[in-house]
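Okay, work05.cif is below, mmCIF, C-alpha atoms:
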data_final
#
loop_
_atom_site.label_atom_id
_atom_site.label_comp_id
_atom_site.auth_asym_id
_atom_site.auth_seq_id
_atom_site.Cartn_x
_atom_site.Cartn_y
_atom_site.Cartn_z
CA MET A 1 0.00 0.00 0.00
CA ASP A 2 1.62 3.23 -1.10
CA ILE A 3 0.62 6.05 1.17
CA PRO A 4 0.96 8.98 -1.32
CA GLY A 5 -1.65 7.29 -3.54
CA LEU A 6 -4.27 8.13 -0.95
CA TYR A 7 -4.02 11.90 -1.25
CA ASN A 8 -7.42 12.23 -2.94
CA TYR A 9 -9.14 10.90 0.19
CA TRP A 10 -7.25 13.34 2.38
CA ILE A 11 -8.29 16.33 0.29
CA VAL A 12 -11.85 15.09 0.58
CA ILE A 13 -11.56 14.71 4.33
CA VAL A 14 -10.13 18.21 4.80
CA LEU A 15 -12.97 19.71 2.77
CA MET A 16 -15.55 17.57 4.51
CA MET A 17 -14.34 18.54 7.96
CA THR A 18 -14.28 22.23 7.00
CA GLY A 19 -17.90 21.99 5.95
CA PHE A 20 -18.73 20.04 9.10
CA TYR A 21 -17.07 22.67 11.28
CA ILE A 22 -19.00 25.47 9.61
CA VAL A 23 -22.25 23.60 10.17
CA ILE A 24 -21.74 22.92 13.86
CA ALA A 25 -19.76 25.99 14.93
CA ARG A 26 -21.47 28.83 13.09
CA GLY A 27 -24.83 30.17 14.19
CA ASN A 28 -25.80 31.89 10.98
CA LEU A 29 -28.29 29.75 9.07
CA ILE A 30 -27.15 30.80 5.57
CA LYS A 31 -23.58 29.98 6.51
CA LYS A 32 -24.74 26.59 7.72
CA ILE A 33 -26.24 25.95 4.28
CA VAL A 34 -22.98 26.99 2.59
CA GLY A 35 -21.16 24.62 4.95
CA LEU A 36 -23.51 21.81 4.00
CA ASN A 37 -22.79 22.54 0.33
CA ILE A 38 -19.05 22.25 0.95
CA PHE A 39 -19.62 18.95 2.75
CA GLN A 40 -21.75 17.78 -0.14
CA THR A 41 -19.18 18.73 -2.78
CA SER A 42 -16.51 16.86 -0.85
CA VAL A 43 -18.65 13.73 -1.09
CA PHE A 44 -19.01 14.29 -4.83
CA ILE A 45 -15.23 14.55 -5.17
CA LEU A 46 -14.85 11.35 -3.13
CA TYR A 47 -17.09 9.39 -5.52
CA ILE A 48 -15.64 10.83 -8.71
CA SER A 49 -12.06 10.27 -7.56
CA MET A 50 -12.88 6.64 -6.79
CA GLY A 51 -14.17 6.25 -10.35
CA LYS A 52 -10.97 7.55 -11.93
CA VAL A 53 -8.81 4.93 -13.63
CA ASP A 54 -5.19 5.64 -14.54
CA GLY A 55 -4.88 6.09 -18.29
CA GLY A 56 -8.64 5.96 -18.68
CA THR A 57 -10.73 8.45 -20.57
CA ALA A 58 -14.24 9.84 -20.24
CA PRO A 59 -16.81 7.05 -20.46
CA ILE A 60 -18.08 7.72 -23.96
CA ILE A 61 -17.49 4.67 -26.11
CA ALA A 62 -15.25 5.41 -29.07
CA GLU A 63 -13.09 3.38 -31.39
CA GLY A 64 -9.49 2.91 -30.46
CA VAL A 65 -10.02 3.58 -26.78
CA GLU A 66 -9.42 0.66 -24.48
CA ARG A 67 -9.84 1.97 -21.00
CA TYR A 68 -12.62 4.11 -19.56
CA SER A 69 -13.12 5.69 -16.18
CA ASN A 70 -15.86 4.14 -14.12
CA PRO A 71 -19.19 5.63 -15.26
CA LEU A 72 -21.25 4.46 -12.30
CA PRO A 73 -20.14 7.13 -9.79
CA HIS A 74 -20.73 9.74 -12.47
CA VAL A 75 -24.34 8.64 -12.82
CA LEU A 76 -24.91 8.74 -9.09
CA ILE A 77 -23.29 12.13 -8.57
CA LEU A 78 -24.95 13.69 -11.59
CA THR A 79 -28.36 13.19 -10.08
CA ALA A 80 -27.08 13.97 -6.59
CA ILE A 81 -25.96 17.46 -7.68
CA VAL A 82 -29.37 18.38 -9.02
CA VAL A 83 -31.12 16.88 -6.02
CA GLY A 84 -28.64 18.85 -3.88
CA ILE A 85 -29.59 22.18 -5.42
CA ALA A 86 -33.29 21.36 -5.01
CA THR A 87 -32.87 20.59 -1.32
CA THR A 88 -30.62 23.65 -0.88
CA ALA A 89 -33.41 25.76 -2.34
CA LEU A 90 -35.83 24.19 0.12
CA GLY A 91 -33.47 25.03 2.99
CA LEU A 92 -33.11 28.63 1.79
CA ALA A 93 -36.89 28.92 1.54
CA LEU A 94 -37.16 27.73 5.14
CA ILE A 95 -34.60 30.37 6.16
CA VAL A 96 -36.66 33.07 4.48
CA ARG A 97 -39.74 31.93 6.38
CA ILE A 98 -37.81 31.79 9.65
CA ARG A 99 -36.61 35.34 9.05
CA ALA A 100 -40.23 36.41 8.44
CA ALA A 101 -41.36 34.76 11.67
CA TYR A 102 -38.45 35.67 13.99
CA GLY A 103 -36.77 38.66 12.34
CA THR A 104 -33.35 37.03 12.55
CA ILE A 105 -31.35 34.20 11.04
CA GLU A 106 -28.99 33.66 13.96
CA GLU A 107 -29.52 30.41 15.75
CA ASP A 108 -28.97 31.66 19.31
CA GLU A 109 -31.34 34.62 18.88
CA ILE A 110 -34.08 32.31 17.63
CA HIS A 111 -33.41 30.07 20.59
CA ALA A 112 -33.61 33.02 23.00
CA GLN A 113 -36.95 34.09 21.53
CA ASN A 114 -38.33 30.59 21.92
CA THR A 115 -37.27 30.41 25.57
CA MET A 116 -38.86 33.79 26.23
CA LYS A 117 -42.11 32.62 24.69
CA ASP A 118 -42.06 29.50 26.83
CA ALA A 119 -41.50 31.60 29.95
CA ASP A 120 -44.41 33.86 29.05
CA GLY A 121 -46.81 31.06 28.22
CA MET B 1 -33.95 49.57 -15.33
CA VAL B 2 -34.09 50.34 -19.04
CA ARG B 3 -31.42 53.03 -19.10
CA ARG B 4 -29.06 51.49 -16.59
CA HIS B 5 -26.86 48.43 -17.11
CA LEU B 6 -26.64 48.97 -20.85
CA VAL B 7 -23.58 46.74 -21.24
CA LEU B 8 -25.14 43.96 -19.18
CA ARG B 9 -28.33 44.09 -21.19
CA VAL B 10 -26.66 44.01 -24.58
CA VAL B 11 -24.25 41.22 -23.66
CA SER B 12 -27.02 39.15 -22.07
CA LYS B 13 -29.29 39.65 -25.06
CA LEU B 14 -26.50 38.30 -27.22
CA LEU B 15 -25.79 35.38 -24.91
CA ILE B 16 -29.23 34.19 -23.88
CA PRO B 17 -30.30 32.69 -27.24
CA PHE B 18 -27.05 30.75 -27.35
CA ILE B 19 -27.46 29.54 -23.78
CA LEU B 20 -30.94 28.24 -24.56
CA LEU B 21 -29.77 26.72 -27.86
CA PHE B 22 -26.85 25.10 -26.05
CA ALA B 23 -29.26 23.66 -23.49
CA LEU B 24 -31.28 22.06 -26.28
CA TYR B 25 -28.09 20.73 -27.87
CA VAL B 26 -27.02 19.24 -24.55
CA GLN B 27 -30.48 17.71 -24.20
CA PHE B 28 -30.67 16.06 -27.61
CA HIS B 29 -27.02 15.30 -28.16
CA GLY B 30 -26.61 13.75 -24.73
CA ASP B 31 -26.65 10.29 -26.25
CA PHE B 32 -23.37 10.83 -28.06
CA GLY B 33 -21.44 13.47 -26.15
CA PRO B 34 -21.52 14.67 -22.59
CA GLY B 35 -24.98 15.83 -21.65
CA GLY B 36 -28.48 14.71 -20.81
CA GLY B 37 -31.67 15.80 -19.20
CA PHE B 38 -30.29 16.99 -15.87
CA GLN B 39 -27.60 19.19 -17.42
CA ALA B 40 -29.91 20.56 -20.09
CA GLY B 41 -32.55 21.30 -17.48
CA VAL B 42 -30.26 23.34 -15.27
CA ILE B 43 -28.67 25.18 -18.22
CA PHE B 44 -32.08 26.08 -19.61
CA GLY B 45 -33.28 27.13 -16.18
CA ALA B 46 -30.16 29.25 -15.63
CA GLY B 47 -30.57 30.90 -19.03
CA PHE B 48 -34.15 31.78 -18.28
CA ILE B 49 -33.29 33.07 -14.82
CA LEU B 50 -30.65 35.31 -16.42
CA TYR B 51 -33.33 36.61 -18.76
CA ALA B 52 -35.64 37.32 -15.82
CA LEU B 53 -32.85 39.11 -13.93
CA ILE B 54 -32.03 41.35 -16.88
CA GLU B 55 -35.46 42.08 -18.29
CA GLY B 56 -37.37 42.17 -15.05
CA ILE B 57 -39.74 39.62 -13.63
CA GLU B 58 -42.89 40.89 -15.38
CA VAL B 59 -41.43 40.34 -18.84
CA ALA B 60 -40.24 36.89 -17.83
CA ARG B 61 -43.67 36.05 -16.49
CA ARG B 62 -45.27 37.08 -19.75
CA VAL B 63 -42.96 34.65 -21.56
CA ALA B 64 -43.61 31.83 -19.09
CA PRO B 65 -46.70 32.26 -16.92
CA THR B 66 -46.43 30.67 -13.48
CA ALA B 67 -49.25 28.26 -14.24
CA LEU B 68 -47.49 27.06 -17.40
CA VAL B 69 -44.22 26.47 -15.57
CA ARG B 70 -46.00 24.51 -12.85
CA LEU B 71 -47.81 22.49 -15.48
CA LEU B 72 -44.50 21.67 -17.21
CA MET B 73 -43.02 20.60 -13.88
CA VAL B 74 -45.77 18.01 -13.51
CA LEU B 75 -45.74 17.00 -17.19
CA GLY B 76 -42.04 16.12 -17.19
CA LEU B 77 -42.43 13.72 -14.28
CA LEU B 78 -45.60 12.27 -15.83
CA LEU B 79 -43.74 11.72 -19.12
CA TYR B 80 -41.08 9.73 -17.28
CA VAL B 81 -43.56 7.60 -15.36
CA GLY B 82 -45.76 7.33 -18.47
CA VAL B 83 -42.92 5.81 -20.50
CA GLY B 84 -42.48 3.31 -17.68
CA TYR B 85 -46.17 2.39 -17.83
CA VAL B 86 -46.16 1.98 -21.63
CA GLY B 87 -43.56 -0.73 -21.11
CA LEU B 88 -45.78 -2.28 -18.48
CA PHE B 89 -48.84 -2.34 -20.75
CA LYS B 90 -46.85 -3.83 -23.60
CA GLY B 91 -46.13 -6.84 -21.47
CA ALA B 92 -42.65 -6.08 -20.14
CA ASN B 93 -41.40 -4.77 -16.82
CA PHE B 94 -41.92 -1.22 -15.60
CA LEU B 95 -39.38 1.08 -17.33
CA ASN B 96 -38.28 -1.64 -19.74
CA TYR B 97 -37.79 0.13 -23.07
CA ASP B 98 -37.14 -2.95 -25.20
CA VAL B 99 -40.78 -3.20 -26.25
CA LEU B 100 -41.30 0.45 -27.21
CA ALA B 101 -40.33 0.01 -30.86
CA HIS B 102 -40.11 -2.85 -33.33
CA ASP B 103 -36.70 -3.97 -32.10
CA PRO B 104 -35.06 -3.65 -28.69
CA VAL B 105 -32.23 -1.31 -29.69
CA HIS B 106 -34.59 1.24 -31.19
CA GLY B 107 -36.89 0.79 -28.23
CA GLN B 108 -34.03 1.59 -25.87
CA GLU B 109 -33.06 4.66 -27.87
CA LEU B 110 -36.63 5.95 -27.93
CA GLY B 111 -37.19 5.20 -24.25
CA ILE B 112 -33.98 6.91 -23.15
CA PHE B 113 -34.77 9.91 -25.35
CA LEU B 114 -38.26 10.34 -23.87
CA VAL B 115 -37.12 9.79 -20.31
CA GLU B 116 -34.31 12.33 -20.66
CA LEU B 117 -36.80 14.77 -22.15
CA GLY B 118 -39.04 14.30 -19.10
CA VAL B 119 -36.06 14.86 -16.79
CA GLY B 120 -35.05 18.01 -18.67
CA ILE B 121 -38.53 19.52 -18.61
CA THR B 122 -39.08 18.90 -14.92
CA VAL B 123 -35.64 20.13 -13.85
CA ALA B 124 -35.88 23.34 -15.89
CA ALA B 125 -39.42 24.05 -14.73
CA THR B 126 -38.54 23.35 -11.09
CA MET B 127 -35.58 25.73 -11.19
CA VAL B 128 -37.72 28.49 -12.68
CA THR B 129 -40.51 27.81 -10.17
CA ILE B 130 -38.10 28.06 -7.25
CA PHE B 131 -36.70 31.31 -8.65
CA PHE B 132 -40.20 32.77 -9.12
CA ALA B 133 -41.13 31.78 -5.57
CA PHE B 134 -38.12 33.66 -4.17
CA VAL B 135 -38.89 36.73 -6.27
CA ASP B 136 -42.53 36.71 -5.16
CA GLN B 137 -41.42 36.65 -1.56
CA ALA B 138 -39.02 39.56 -2.13
CA ARG B 139 -41.69 41.77 -3.64
CA ARG B 140 -44.11 41.28 -0.78
CA MET C 1 -11.10 28.61 -0.43
CA ALA C 2 -13.31 26.78 2.03
CA LEU C 3 -11.26 28.18 4.89
CA GLY C 4 -11.90 31.67 3.55
CA ILE C 5 -15.62 31.02 3.71
CA LEU C 6 -15.21 29.98 7.31
CA HIS C 7 -13.64 33.26 8.36
CA MET C 8 -15.58 35.76 6.37
CA ARG C 9 -18.45 37.56 8.03
CA ASN C 10 -19.85 39.33 5.01
CA LEU C 11 -22.33 36.81 3.69
CA PHE C 12 -22.29 38.35 0.22
CA ALA C 13 -18.61 37.49 -0.14
CA VAL C 14 -19.28 34.04 1.30
CA VAL C 15 -21.85 33.33 -1.40
CA MET C 16 -19.53 34.55 -4.14
CA LEU C 17 -16.70 32.40 -2.80
CA SER C 18 -18.93 29.36 -2.73
CA GLY C 19 -19.80 29.97 -6.38
CA ILE C 20 -16.12 30.11 -7.30
CA TYR C 21 -15.52 27.00 -5.22
CA SER C 22 -18.17 25.19 -7.26
CA LEU C 23 -16.54 26.20 -10.52
CA ILE C 24 -13.15 24.99 -9.32
CA SER C 25 -14.59 21.64 -8.32
CA ALA C 26 -16.20 21.44 -11.77
CA GLY C 27 -12.72 21.82 -13.25
CA LEU C 28 -11.52 19.10 -10.92
CA PHE C 29 -14.27 16.78 -12.22
CA VAL C 30 -13.09 17.32 -15.81
CA THR C 31 -9.57 16.29 -14.91
CA MET C 32 -11.02 13.14 -13.36
CA ASP C 33 -12.87 12.28 -16.60
CA ALA C 34 -16.34 13.07 -15.29
CA VAL C 35 -17.43 15.46 -18.03
CA ASP C 36 -21.16 15.03 -17.45
CA VAL C 37 -20.80 15.75 -13.77
CA ALA C 38 -18.60 18.79 -14.41
CA PHE C 39 -21.26 20.17 -16.71
CA THR C 40 -23.94 19.89 -14.08
CA GLU C 41 -21.79 21.23 -11.28
CA ALA C 42 -20.81 24.31 -13.29
CA ALA C 43 -24.39 25.14 -14.24
CA VAL C 44 -25.83 24.39 -10.80
CA GLY C 45 -23.11 25.62 -8.47
CA GLY C 46 -21.91 28.58 -10.47
CA GLY C 47 -25.32 29.63 -11.74
CA ILE C 48 -28.49 28.67 -9.98
CA ALA C 49 -27.18 28.13 -6.45
CA THR C 50 -25.49 31.54 -6.44
CA VAL C 51 -28.62 33.29 -7.69
CA LEU C 52 -30.80 31.59 -5.08
CA MET C 53 -28.37 32.37 -2.27
CA LEU C 54 -28.24 36.01 -3.34
CA GLY C 55 -32.04 36.02 -3.41
CA THR C 56 -32.09 34.76 0.16
CA LEU C 57 -29.57 37.40 1.19
CA ALA C 58 -31.75 40.09 -0.35
CA LEU C 59 -34.64 38.77 1.71
CA THR C 60 -32.71 38.53 4.97
CA THR C 61 -29.43 40.18 5.83
CA THR C 62 -25.90 40.30 4.49
CA ARG C 63 -24.03 40.55 7.76
CA GLU C 64 -23.31 37.69 10.07
CA LYS C 65 -23.64 38.53 13.74
CA PHE C 66 -20.34 39.22 15.47
CA VAL C 67 -19.13 36.29 17.52
CA LYS C 68 -16.52 36.96 20.17
CA SER C 69 -14.14 34.06 19.82
CA ASP C 70 -13.43 33.07 16.25
CA LEU C 71 -12.41 29.54 17.16
CA GLN C 72 -14.82 27.43 19.13
CA ILE C 73 -13.05 24.66 21.00
CA VAL C 74 -15.65 21.90 21.31
CA PRO C 75 -16.67 21.77 17.63
CA LEU C 76 -13.01 21.99 16.63
CA VAL C 77 -12.13 18.98 18.79
CA ILE C 78 -15.06 17.00 17.37
CA VAL C 79 -14.07 17.88 13.82
CA ILE C 80 -10.40 17.00 14.29
CA ALA C 81 -11.29 13.69 15.96
CA THR C 82 -13.69 12.75 13.16
CA GLY C 83 -11.14 13.75 10.53
CA ALA C 84 -8.42 11.70 12.19
CA LEU C 85 -10.70 8.66 12.30
CA LEU C 86 -11.55 9.06 8.62
CA ILE C 87 -7.88 9.41 7.65
CA TYR C 88 -7.13 6.26 9.62
CA ALA C 89 -9.88 4.53 7.62
CA THR C 90 -8.33 5.56 4.29
CA PHE C 91 -5.29 3.36 4.86
CA ASP C 92 -7.39 0.40 3.75
CA MET C 93 -8.65 2.10 0.60
CA PRO C 94 -7.31 1.42 -2.89
CA SER C 95 -5.01 4.18 -4.10
CA PHE C 96 -6.06 6.89 -6.54
CA GLY C 97 -6.50 5.74 -10.14
CA ASP C 98 -5.74 2.08 -9.40
CA PRO C 99 -7.41 -0.03 -12.15
CA ALA C 100 -7.47 -3.04 -9.81
CA ALA C 101 -9.76 -1.37 -7.27
CA PRO C 102 -12.87 -3.43 -6.46
CA ILE C 103 -15.22 -0.66 -7.65
CA HIS C 104 -14.17 -1.28 -11.26
CA HIS C 105 -14.87 -5.01 -11.33
CA HIS C 106 -18.46 -5.56 -10.34
CA VAL C 107 -21.16 -4.44 -12.79
CA VAL C 108 -19.22 -1.81 -14.68
CA PRO C 109 -17.47 -4.03 -17.28
CA ARG C 110 -20.91 -5.34 -18.24
CA TYR C 111 -22.26 -1.80 -18.67
CA ILE C 112 -19.34 -0.78 -20.85
CA GLU C 113 -19.33 -3.89 -23.04
CA GLU C 114 -22.99 -4.79 -23.32
CA GLY C 115 -24.66 -1.42 -22.97
CA PRO C 116 -23.74 0.32 -26.23
CA VAL C 117 -24.77 -2.79 -28.16
CA ARG C 118 -28.12 -3.09 -26.45
CA THR C 119 -29.05 0.60 -26.47
CA GLY C 120 -27.17 1.97 -29.49
CA ILE C 121 -25.92 4.90 -27.40
CA PRO C 122 -22.20 5.52 -26.95
CA ASN C 123 -22.39 7.72 -23.83
CA VAL C 124 -22.26 5.25 -20.96
CA VAL C 125 -23.41 7.79 -18.38
CA THR C 126 -26.56 8.57 -20.35
CA PHE C 127 -27.81 5.05 -20.84
CA VAL C 128 -26.91 3.83 -17.39
CA LEU C 129 -28.78 6.82 -15.97
CA ALA C 130 -31.89 6.43 -18.07
CA SER C 131 -32.09 2.72 -18.74
CA TYR C 132 -30.14 0.46 -16.39
CA ARG C 133 -30.84 2.68 -13.40
CA GLY C 134 -34.16 4.04 -14.55
CA TYR C 135 -35.81 3.48 -11.19
CA ASP C 136 -33.19 5.52 -9.32
CA THR C 137 -33.48 8.40 -11.74
CA MET C 138 -37.26 8.38 -11.46
CA GLY C 139 -36.97 8.58 -7.68
CA GLU C 140 -34.50 11.44 -7.91
CA LEU C 141 -36.70 13.33 -10.33
CA THR C 142 -39.52 12.91 -7.83
CA VAL C 143 -37.31 14.36 -5.09
CA ILE C 144 -36.57 17.42 -7.24
CA PHE C 145 -40.25 17.80 -8.03
CA THR C 146 -41.17 17.52 -4.36
CA ALA C 147 -38.55 20.08 -3.37
CA GLY C 148 -39.97 22.46 -5.97
CA VAL C 149 -43.46 21.98 -4.59
CA GLY C 150 -42.09 22.48 -1.08
CA VAL C 151 -40.47 25.80 -1.97
CA MET C 152 -43.70 26.84 -3.65
CA LEU C 153 -45.72 26.01 -0.55
CA LEU C 154 -43.26 27.75 1.77
CA LEU C 155 -42.84 30.96 -0.19
CA ALA C 156 -45.45 31.56 -2.85
CA LEU C 157 -48.54 30.18 -1.18
CA ALA C 158 -47.84 30.81 2.51
CA GLY C 159 -47.50 34.54 1.90
CA ARG C 160 -50.76 34.73 -0.01
CA ARG C 161 -52.80 33.74 3.01
CA ARG C 162 -51.28 36.55 5.06
CA ASP C 163 -52.44 39.12 2.54
CA ASP C 164 -56.13 38.27 3.01
#
Show the structure stored in the file as structure tokens.
Amino acid sequence: MDIPGLYNYWIVIVLMMTGFYIVIARGNLIKKIVGLNIFQTSVFILYISMGKVDGGTAPIIAEGVERYSNPLPHVLILTAIVVGIATTALGLALIVRIRAAYGTIEEDEIHAQNTMKDADG
Amino acid sequence: MVRRHLVLRVVSKLLIPFILLFALYVQFHGDFGPGGGFQAGVIFGAGFILYALIEGIEVARRVAPTALVRLLMVLGLLLYVGVGYVGLFKGANFLNYDVLAHDPVHGQELGIFLVELGVGITVAATMVTIFFAFVDQARR
Amino acid sequence: MALGILHMRNLFAVVMLSGIYSLISAGLFVTMDAVDVAFTEAAVGGGIATVLMLGTLALTTTREKFVKSDLQIVPLVIVIATGALLIYATFDMPSFGDPAAPIHHHVVPRYIEEGPVRTGIPNVVTFVLASYRGYDTMGELTVIFTAGVGVMLLLALAGRRRDD
């Protein structure tokens, strides 16, 4: 097992952990969504890099080409990207509604308002 | 809006037809080169959103009324599922395209073409719907 | 790039950076032979996602609230621990670009050899997506459709009731 051959996974992990950190450490909801997107893209890169074959080419069958990269991860990630944007849009819509209801998009302020309401009621 | 952003407007006017044409190319040439319904859908949606940003939302709505876009969103998905059911009624499995035409290879080609078309329509319409929903909220 | 996003407080710049980040990863996909994926990522990440994020910013606010300490200890520890575990796990993985990796030997040779003959379509990604994995794609299309309906319900229709 040659260790330098694993660098693609490490890039993925660094990106993934950055996204993860943004999600759990930042209170701003839009920033959380951006963090989730970074996390998501790192997963995409993980899949695509696993599908890469040395000396292979894009998986479109042509004459005189012997070796293709693995098309299966491409199929999965292709749909995942579009599903990702749809769910991101849903999250952003929720943020807009939260802003309309609470007047803020900071997690701790929303939390404080909820506690105050509980104390009143 | 009309007087300002002259450069943006001219450049976009030049680009938008090509973006939409490119989306159609990606849709229908997806069998042979890179492309397919998902890509074509998002490119078409992005082109239309650019148009709406430049020309203003009213003009965009006149081109594509909200009801029409919502209808397309449903139609695309129905086209996909419908192709699946045609296979079922012709005595094969759900989403088996072999039976769609006189021989399996043509059936597969036709089935994939229709399914990708359904994907493209729904994706483009969904993107535009989401954009319209955000704009509506902003104007309230 | 991602680290820049972490530190910036101006959300407008954050959104722009995330658009650029998407474009860069699209370039990365091309170098790894995933042309279809790169296409989608460029159109989605660079185009639609950025527009939607900007729309949300217009509806909310462009400044993140000031937080006293920039580095929070507990999340940082969790993140580093998880990352270390994952890196430990990669030592068992096949190395990058290895043709002998198990992922390339299950169903894929069949797709590449049999598929073009059966479907008459040279783009492997297209026919696997639409034909061999037709069920998956149908489900994903339904997810997109449902998300669109959800956004519609949340934004377009919910506001209408308030106007009455």
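Residues of chain B having any atom within 7 Å of chain C, counting only C-alpha atoms, are Gly30, Asp31, Phe32, Gly33, Pro34, Gly35, Gly36, Gln39, Val42, Ile43, Ala46, Leu77, Leu95, Val105, Gln108, Glu109, Ile112, Val115, Glu116, Val119, Thr126, Thr129, Ile130, Phe131, Ala133, Phe134, Asp136, Gln137 and Ala138 of chain B.
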Write out the residues from the selection above, keeping C-alpha atoms, as a PDB file, keeping the file's coordinate frame.
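Final output, saved to part-v8.pdb:
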ATOM      1  CA  GLY B  30     -26.610  13.750 -24.730  1.00  0.00           C
ATOM      2  CA  ASP B  31     -26.650  10.290 -26.250  1.00  0.00           C
ATOM      3  CA  PHE B  32     -23.370  10.830 -28.060  1.00  0.00           C
ATOM      4  CA  GLY B  33     -21.440  13.470 -26.150  1.00  0.00           C
ATOM      5  CA  PRO B  34     -21.520  14.670 -22.590  1.00  0.00           C
ATOM      6  CA  GLY B  35     -24.980  15.830 -21.650  1.00  0.00           C
ATOM      7  CA  GLY B  36     -28.480  14.710 -20.810  1.00  0.00           C
ATOM      8  CA  GLN B  39     -27.600  19.190 -17.420  1.00  0.00           C
ATOM      9  CA  VAL B  42     -30.260  23.340 -15.270  1.00  0.00           C
ATOM     10  CA  ILE B  43     -28.670  25.180 -18.220  1.00  0.00           C
ATOM     11  CA  ALA B  46     -30.160  29.250 -15.630  1.00  0.00           C
ATOM     12  CA  LEU B  77     -42.430  13.720 -14.280  1.00  0.00           C
ATOM     13  CA  LEU B  95     -39.380   1.080 -17.330  1.00  0.00           C
ATOM     14  CA  VAL B 105     -32.230  -1.310 -29.690  1.00  0.00           C
ATOM     15  CA  GLN B 108     -34.030   1.590 -25.870  1.00  0.00           C
ATOM     16  CA  GLU B 109     -33.060   4.660 -27.870  1.00  0.00           C
ATOM     17  CA  ILE B 112     -33.980   6.910 -23.150  1.00  0.00           C
ATOM     18  CA  VAL B 115     -37.120   9.790 -20.310  1.00  0.00           C
ATOM     19  CA  GLU B 116     -34.310  12.330 -20.660  1.00  0.00           C
ATOM     20  CA  VAL B 119     -36.060  14.860 -16.790  1.00  0.00           C
ATOM     21  CA  THR B 126     -38.540  23.350 -11.090  1.00  0.00           C
ATOM     22  CA  THR B 129     -40.510  27.810 -10.170  1.00  0.00           C
ATOM     23  CA  ILE B 130     -38.100  28.060  -7.250  1.00  0.00           C
ATOM     24  CA  PHE B 131     -36.700  31.310  -8.650  1.00  0.00           C
ATOM     25  CA  ALA B 133     -41.130  31.780  -5.570  1.00  0.00           C
ATOM     26  CA  PHE B 134     -38.120  33.660  -4.170  1.00  0.00           C
ATOM     27  CA  ASP B 136     -42.530  36.710  -5.160  1.00  0.00           C
ATOM     28  CA  GLN B 137     -41.420  36.650  -1.560  1.00  0.00           C
ATOM     29  CA  ALA B 138     -39.020  39.560  -2.130  1.00  0.00           C
TER      30      ALA B 138
END
Checklist entry - Exactly which residues make up the result of the PyMOL selection byres ((chain A) within 12 of (chain B)) on this file, given as an MDAnalysis selection string? => result chainID A and resid 58:62 71 74:83 85:97 99:100
Go ahead and write the residues just picked, C-alpha atoms, as a compact mmCIF listing (two decimals), keeping the file's coordinate frame.
# COMPACT_ATOMS: atom_id res chain seq x y z
CA ALA A 58 -14.24 9.84 -20.24
CA PRO A 59 -16.81 7.05 -20.46
CA ILE A 60 -18.08 7.72 -23.96
CA ILE A 61 -17.49 4.67 -26.11
CA ALA A 62 -15.25 5.41 -29.07
CA PRO A 71 -19.19 5.63 -15.26
CA HIS A 74 -20.73 9.74 -12.47
CA VAL A 75 -24.34 8.64 -12.82
CA LEU A 76 -24.91 8.74 -9.09
CA ILE A 77 -23.29 12.13 -8.57
CA LEU A 78 -24.95 13.69 -11.59
CA THR A 79 -28.36 13.19 -10.08
CA ALA A 80 -27.08 13.97 -6.59
CA ILE A 81 -25.96 17.46 -7.68
CA VAL A 82 -29.37 18.38 -9.02
CA VAL A 83 -31.12 16.88 -6.02
CA ILE A 85 -29.59 22.18 -5.42
CA ALA A 86 -33.29 21.36 -5.01
CA THR A 87 -32.87 20.59 -1.32
CA THR A 88 -30.62 23.65 -0.88
CA ALA A 89 -33.41 25.76 -2.34
CA LEU A 90 -35.83 24.19 0.12
CA GLY A 91 -33.47 25.03 2.99
CA LEU A 92 -33.11 28.63 1.79
CA ALA A 93 -36.89 28.92 1.54
CA LEU A 94 -37.16 27.73 5.14
CA ILE A 95 -34.60 30.37 6.16
CA VAL A 96 -36.66 33.07 4.48
CA ARG A 97 -39.74 31.93 6.38
CA ARG A 99 -36.61 35.34 9.05
CA ALA A 100 -40.23 36.41 8.44
Checklist entry - Any idea what's packed within 12 Å of stretch 80-97 of chain C, counting only C-alpha atoms, ignoring anything in its chain fewer than 2 positions away? Could you give it as a ChimeraX atom specification? => result /A:1-21,46-57,67-70 /C:31-33,73-78,99-104
For this file, the PyMOL selection byres ((chain A and resi 25-29) around 6) selects which residues, as a PDB file with C-alpha atoms, keeping the file's coordinate frame?
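Resulting contents of out-v6.pdb:
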ATOM      1  CA  TYR A  21     -17.070  22.670  11.280  1.00  0.00           C
ATOM      2  CA  ILE A  22     -19.000  25.470   9.610  1.00  0.00           C
ATOM      3  CA  VAL A  23     -22.250  23.600  10.170  1.00  0.00           C
ATOM      4  CA  ILE A  24     -21.740  22.920  13.860  1.00  0.00           C
ATOM      5  CA  ILE A  30     -27.150  30.800   5.570  1.00  0.00           C
ATOM      6  CA  LYS A  31     -23.580  29.980   6.510  1.00  0.00           C
ATOM      7  CA  LYS A  32     -24.740  26.590   7.720  1.00  0.00           C
ATOM      8  CA  ILE A 105     -31.350  34.200  11.040  1.00  0.00           C
ATOM      9  CA  GLU A 106     -28.990  33.660  13.960  1.00  0.00           C
ATOM     10  CA  GLU A 107     -29.520  30.410  15.750  1.00  0.00           C
TER      11      GLU A 107
ATOM     12  CA  PRO C  75     -16.670  21.770  17.630  1.00  0.00           C
TER      13      PRO C  75
END
Item to check | Selection result of the PyMOL selection byres ((chain B and resi 49) around 9) on this file, as a count of residues only | outcome: 17
Next on the checklist: If we count only C-alpha atoms and set the cut-off at 7 Å, which residues sit around B:Tyr97, ignoring sequence neighbours fewer than 6 positions away in its own chain? Please answer as a list in words.
Outcome noted: Gly87, Gly107, Gln108 and Gly111 of chain B
Can I get the selection written as a JSON list (two decimals), keeping the file's coordinate frame, with C-alpha atoms?
[["chain", "number", "residue", "atom", "x", "y", "z"],
["B", 87, "GLY", "CA", -43.56, -0.73, -21.11],
["B", 107, "GLY", "CA", -36.89, 0.79, -28.23],
["B", 108, "GLN", "CA", -34.03, 1.59, -25.87],
["B", 111, "GLY", "CA", -37.19, 5.20, -24.25]]
